[in-house]
file final.txt (compact mmCIF, C-alpha atoms)
# COMPACT_ATOMS: atom_id res chain seq x y z
CA MET B 825 0.00 0.00 0.00
CA ASN B 826 1.38 3.44 -0.99
CA ILE B 827 0.43 6.18 1.47
CA LEU B 828 0.54 9.93 0.93
CA ILE B 829 0.91 12.35 3.85
CA VAL B 830 0.18 16.00 3.08
CA GLY B 831 1.92 18.42 5.42
CA GLY B 832 5.24 18.89 7.08
CA GLY B 833 4.91 19.31 10.82
CA GLY B 834 5.09 17.27 13.97
CA ARG B 835 1.50 16.06 13.51
CA GLU B 836 2.40 14.58 10.14
CA HIS B 837 5.53 12.95 11.59
CA ALA B 838 3.40 11.30 14.28
CA VAL B 839 1.01 10.00 11.60
CA VAL B 840 3.96 8.57 9.62
CA LYS B 841 5.26 6.78 12.73
CA ALA B 842 1.81 5.29 13.41
CA LEU B 843 1.28 4.17 9.81
CA LYS B 844 4.67 2.48 9.69
CA ARG B 845 3.41 -0.06 12.25
CA ASN B 846 0.99 -1.46 9.66
CA ARG B 847 2.61 -4.30 7.69
CA LYS B 848 0.43 -3.51 4.66
CA VAL B 849 2.18 -0.14 4.21
CA GLU B 850 4.89 -0.45 1.55
CA LYS B 851 5.86 3.17 1.01
CA ILE B 852 5.01 6.51 2.61
CA TYR B 853 5.40 9.75 0.69
CA ALA B 854 5.25 13.10 2.48
CA LEU B 855 4.55 16.41 0.73
CA PRO B 856 6.55 18.37 1.69
CA GLY B 857 7.46 16.42 4.83
CA ASN B 858 10.31 17.50 7.09
CA GLY B 859 13.78 16.40 8.18
CA GLY B 860 12.44 13.99 10.78
CA ILE B 861 10.01 12.36 8.39
CA ALA B 862 12.78 12.03 5.78
CA GLN B 863 14.80 9.94 8.25
CA GLU B 864 12.01 7.41 8.72
CA GLU B 865 12.75 4.15 6.90
CA GLY B 866 10.45 3.55 3.94
CA THR B 867 9.48 7.20 3.76
CA GLU B 868 10.32 9.80 1.11
CA CYS B 869 9.70 13.54 1.17
CA PHE B 870 9.11 15.63 -1.93
CA PRO B 871 9.22 19.46 -2.02
CA ILE B 872 5.61 19.97 -3.03
CA LYS B 873 3.85 22.51 -0.83
CA ALA B 874 0.81 21.31 1.10
CA THR B 875 -1.16 24.12 -0.57
CA ASP B 876 -0.16 23.10 -4.13
CA LEU B 877 -3.28 21.05 -4.86
CA ASP B 878 -2.42 20.63 -8.55
CA GLY B 879 1.03 19.33 -7.59
CA ILE B 880 -0.43 16.98 -4.96
CA GLU B 881 -2.97 15.64 -7.43
CA ALA B 882 -0.32 15.03 -10.11
CA PHE B 883 1.98 13.35 -7.56
CA ALA B 884 -0.82 11.09 -6.32
CA LYS B 885 -1.58 9.98 -9.88
CA SER B 886 2.05 9.34 -10.82
CA HIS B 887 2.90 7.44 -7.62
CA LYS B 888 -0.22 5.24 -7.55
CA ILE B 889 -1.31 6.36 -4.10
CA ASP B 890 -3.71 3.97 -2.34
CA PHE B 891 -4.55 6.15 0.67
CA ALA B 892 -3.86 9.73 1.74
CA ALA B 893 -3.82 11.47 5.11
CA ILE B 894 -4.29 15.23 4.96
CA THR B 895 -3.83 16.66 8.43
CA GLN B 896 -2.68 20.23 7.83
CA ASP B 897 -5.45 22.85 7.99
CA ASP B 898 -4.68 24.85 4.83
CA PRO B 899 -4.96 22.00 2.30
CA LEU B 900 -8.07 20.70 4.09
CA VAL B 901 -9.80 24.07 3.86
CA MET B 902 -8.71 24.36 0.22
CA GLY B 903 -10.37 21.03 -0.67
CA CYS B 904 -7.43 18.61 -0.95
CA VAL B 905 -9.54 15.66 0.26
CA ASP B 906 -12.22 16.43 -2.32
CA ARG B 907 -9.68 16.46 -5.13
CA LEU B 908 -8.00 13.20 -4.11
CA GLU B 909 -11.30 11.44 -3.53
CA ALA B 910 -12.34 12.52 -7.04
CA LEU B 911 -9.34 10.43 -8.16
CA GLN B 912 -10.76 7.48 -6.19
CA ILE B 913 -8.08 7.82 -3.49
CA PRO B 914 -9.56 7.27 -0.02
CA CYS B 915 -8.51 9.95 2.46
CA PHE B 916 -8.22 10.59 6.16
CA GLY B 917 -9.35 14.17 6.70
CA PRO B 918 -12.48 16.24 6.27
CA THR B 919 -13.82 17.49 2.96
CA LYS B 920 -13.70 21.20 2.16
CA ALA B 921 -17.30 21.61 3.33
CA ALA B 922 -16.51 20.04 6.71
CA ALA B 923 -13.11 21.73 7.12
CA ILE B 924 -14.81 25.13 7.28
CA ILE B 925 -15.37 24.38 10.97
CA GLU B 926 -11.62 24.76 11.48
CA GLY B 927 -11.11 27.33 8.75
CA SER B 928 -13.57 29.90 10.06
CA LYS B 929 -14.10 30.53 13.75
CA VAL B 930 -17.07 32.73 12.89
CA TYR B 931 -18.72 29.80 11.10
CA SER B 932 -17.83 27.47 13.98
CA LYS B 933 -19.22 29.77 16.64
CA ASP B 934 -22.41 30.39 14.64
CA LEU B 935 -22.86 26.64 14.19
CA MET B 936 -22.35 25.98 17.90
CA LYS B 937 -24.81 28.71 18.86
CA LYS B 938 -27.40 27.42 16.38
CA TYR B 939 -27.29 23.88 17.79
CA ASN B 940 -26.74 24.83 21.45
CA ILE B 941 -23.28 23.26 21.56
CA PRO B 942 -21.43 24.55 24.62
CA THR B 943 -18.70 27.04 23.70
CA ALA B 944 -17.10 30.16 25.11
CA LYS B 945 -19.00 33.44 24.71
CA SER B 946 -18.08 35.27 21.53
CA GLU B 947 -19.05 38.19 19.34
CA THR B 948 -18.16 38.89 15.73
CA PHE B 949 -17.26 42.30 14.32
CA THR B 950 -16.41 43.77 10.93
CA ASP B 951 -16.17 47.30 12.33
CA ALA B 952 -13.19 48.15 14.56
CA GLU B 953 -15.03 50.88 16.49
CA LYS B 954 -17.86 48.49 17.39
CA ALA B 955 -15.32 45.87 18.44
CA VAL B 956 -13.57 48.39 20.72
CA ALA B 957 -16.90 49.48 22.22
CA TYR B 958 -17.67 45.83 22.99
CA LEU B 959 -14.23 45.34 24.56
CA LYS B 960 -15.11 48.01 27.14
CA THR B 961 -17.74 45.59 28.50
CA CYS B 962 -15.48 42.50 28.67
CA ASP B 963 -13.91 40.77 31.62
CA TYR B 964 -10.15 40.33 31.29
CA PRO B 965 -8.15 38.45 30.32
CA THR B 966 -10.03 37.76 27.11
CA VAL B 967 -9.22 36.32 23.70
CA ILE B 968 -9.28 38.13 20.34
CA LYS B 969 -9.10 36.16 17.11
CA ALA B 970 -9.32 37.14 13.49
CA ASP B 971 -11.46 34.84 11.36
CA GLY B 972 -9.58 32.36 9.17
CA LEU B 973 -6.46 30.24 9.46
CA ALA B 974 -3.34 31.67 11.07
CA ALA B 975 -1.07 28.63 11.49
CA GLY B 976 -1.96 28.29 15.15
CA LYS B 977 -1.02 31.89 15.88
CA GLY B 978 -4.27 33.76 15.31
CA ALA B 979 -5.60 33.92 18.87
CA VAL B 980 -4.32 36.68 21.15
CA ILE B 981 -4.93 36.58 24.89
CA VAL B 982 -5.14 40.16 26.11
CA ALA B 983 -4.76 41.18 29.75
CA ASP B 984 -6.64 44.49 29.72
CA PHE B 985 -8.63 46.94 27.62
CA GLU B 986 -5.58 48.86 26.33
CA GLU B 987 -3.95 45.68 25.04
CA ALA B 988 -7.28 44.60 23.54
CA LYS B 989 -7.71 47.94 21.73
CA LYS B 990 -4.16 47.73 20.36
CA THR B 991 -4.80 44.16 19.14
CA VAL B 992 -8.05 45.16 17.39
CA ASP B 993 -6.21 48.05 15.71
CA GLU B 994 -3.46 45.68 14.50
CA ILE B 995 -5.96 43.15 13.15
CA MET B 996 -8.67 45.38 11.74
CA VAL B 997 -7.16 48.80 11.08
call {"tool": "encode", "arguments": {"input": "final.txt", "output": "structure tokens"}}
result
Amino acid sequence: MNILIVGGGGREHAVVKALKRNRKVEKIYALPGNGGIAQEEGTECFPIKATDLDGIEAFAKSHKIDFAAITQDDPLVMGCVDRLEALQIPCFGPTKAAAIIEGSKVYSKDLMKKYNIPTAKSETFTDAEKAVAYLKTCDYPTVIKADGLAAGKGAVIVADFEEAKKTVDEIMV
């Protein structure tokens, strides 16, 4: 069985290590992978970015991939699973429609509110002045996050109103 891993972080390395335990796995390819993954026996890394869906699709075709694991957020939100499944390659990872839950915190929060799923209190703003006015009513510390993916660095914990106002200005203004 030829396996494709899309991504190049620690999460992908952990997936490679787990998959290697399966005797049915012949070869693991990682796009782009990383130095640690490259050292794993039976694993090869190729410098194709996880966001290069055309490159991933071409690679999967040319290397006769039997199964793919897409664990990095960006290619999931872009629809990598959808494209590989269209090639009849089974995948581990959500489709583009499902990945929106991770790709948009606004969507996620709206969904949780709609179905009464417990979540932290939140408000959404497109106007910086309205966001700052709301921040005057908050308890601190609080969290400010821009909508969309930010490679795990999009949430800012602010200690007080002045820090919150500065963060809103940096994000929205």
call {"tool": "closest_residue", "arguments": {"input": "final.txt", "among": "B:Glu953, B:Glu909, B:Glu881, B:Glu836", "to": "Asp897 of chain B", "atoms": "only C-alpha atoms"}}
result
B:Glu836
call {"tool": "atom_distance", "arguments": {"input": "final.txt", "atom1": "atom CA of Lys929 of chain B", "atom2": "atom CA of Leu973 of chain B"}}
result
8.8 Å
call {"tool": "closest_residue", "arguments": {"input": "final.txt", "among": "B:Ile889, B:Leu900, B:Val982, B:Ile827", "to": "Gly866 of chain B", "atoms": "all atoms listed in the file"}}
result
B:Ile827
call {"tool": "atom_distance", "arguments": {"input": "final.txt", "atom1": "atom CA of Ala988 of chain B", "atom2": "atom CA of Ser932 of chain B"}}
result
22.3 Å
call {"tool": "closest_residue", "arguments": {"input": "final.txt", "among": "B:Ala838, B:Leu935, B:Ala893, B:Ile852", "to": "Glu865 of chain B", "atoms": "only C-alpha atoms"}}
result
B:Ile852
call {"tool": "residues_around", "arguments": {"input": "final.txt", "residues": "Met996 of chain B", "least_positions_apart": "3", "cutoff": "12 Å", "atoms": "only C-alpha atoms", "output": "number ranges by chain"}}
result
B: 949-956, 968-971, 988-993
call {"tool": "atom_distance", "arguments": {"input": "final.txt", "atom1": "atom CA of Gly859 of chain B", "atom2": "atom CA of Val839 of chain B"}}
result
14.7 Å
call {"tool": "residues_near_point", "arguments": {"input": "final.txt", "point": "(-6.1, 37.5, 25.4)", "cutoff": "9 Å", "atoms": "all atoms listed in the file", "output": "list in words"}}
result
Tyr964, Pro965, Thr966, Val967, Ile968, Lys969, Ala979, Val980, Ile981, Val982, Ala983, Asp984, Glu987 and Ala988 of chain B
call {"tool": "closest_residue", "arguments": {"input": "final.txt", "among": "B:Val849, B:Gly834, B:Ala910, B:Met902", "to": "Glu926 of chain B", "atoms": "only C-alpha atoms"}}
result
B:Met902
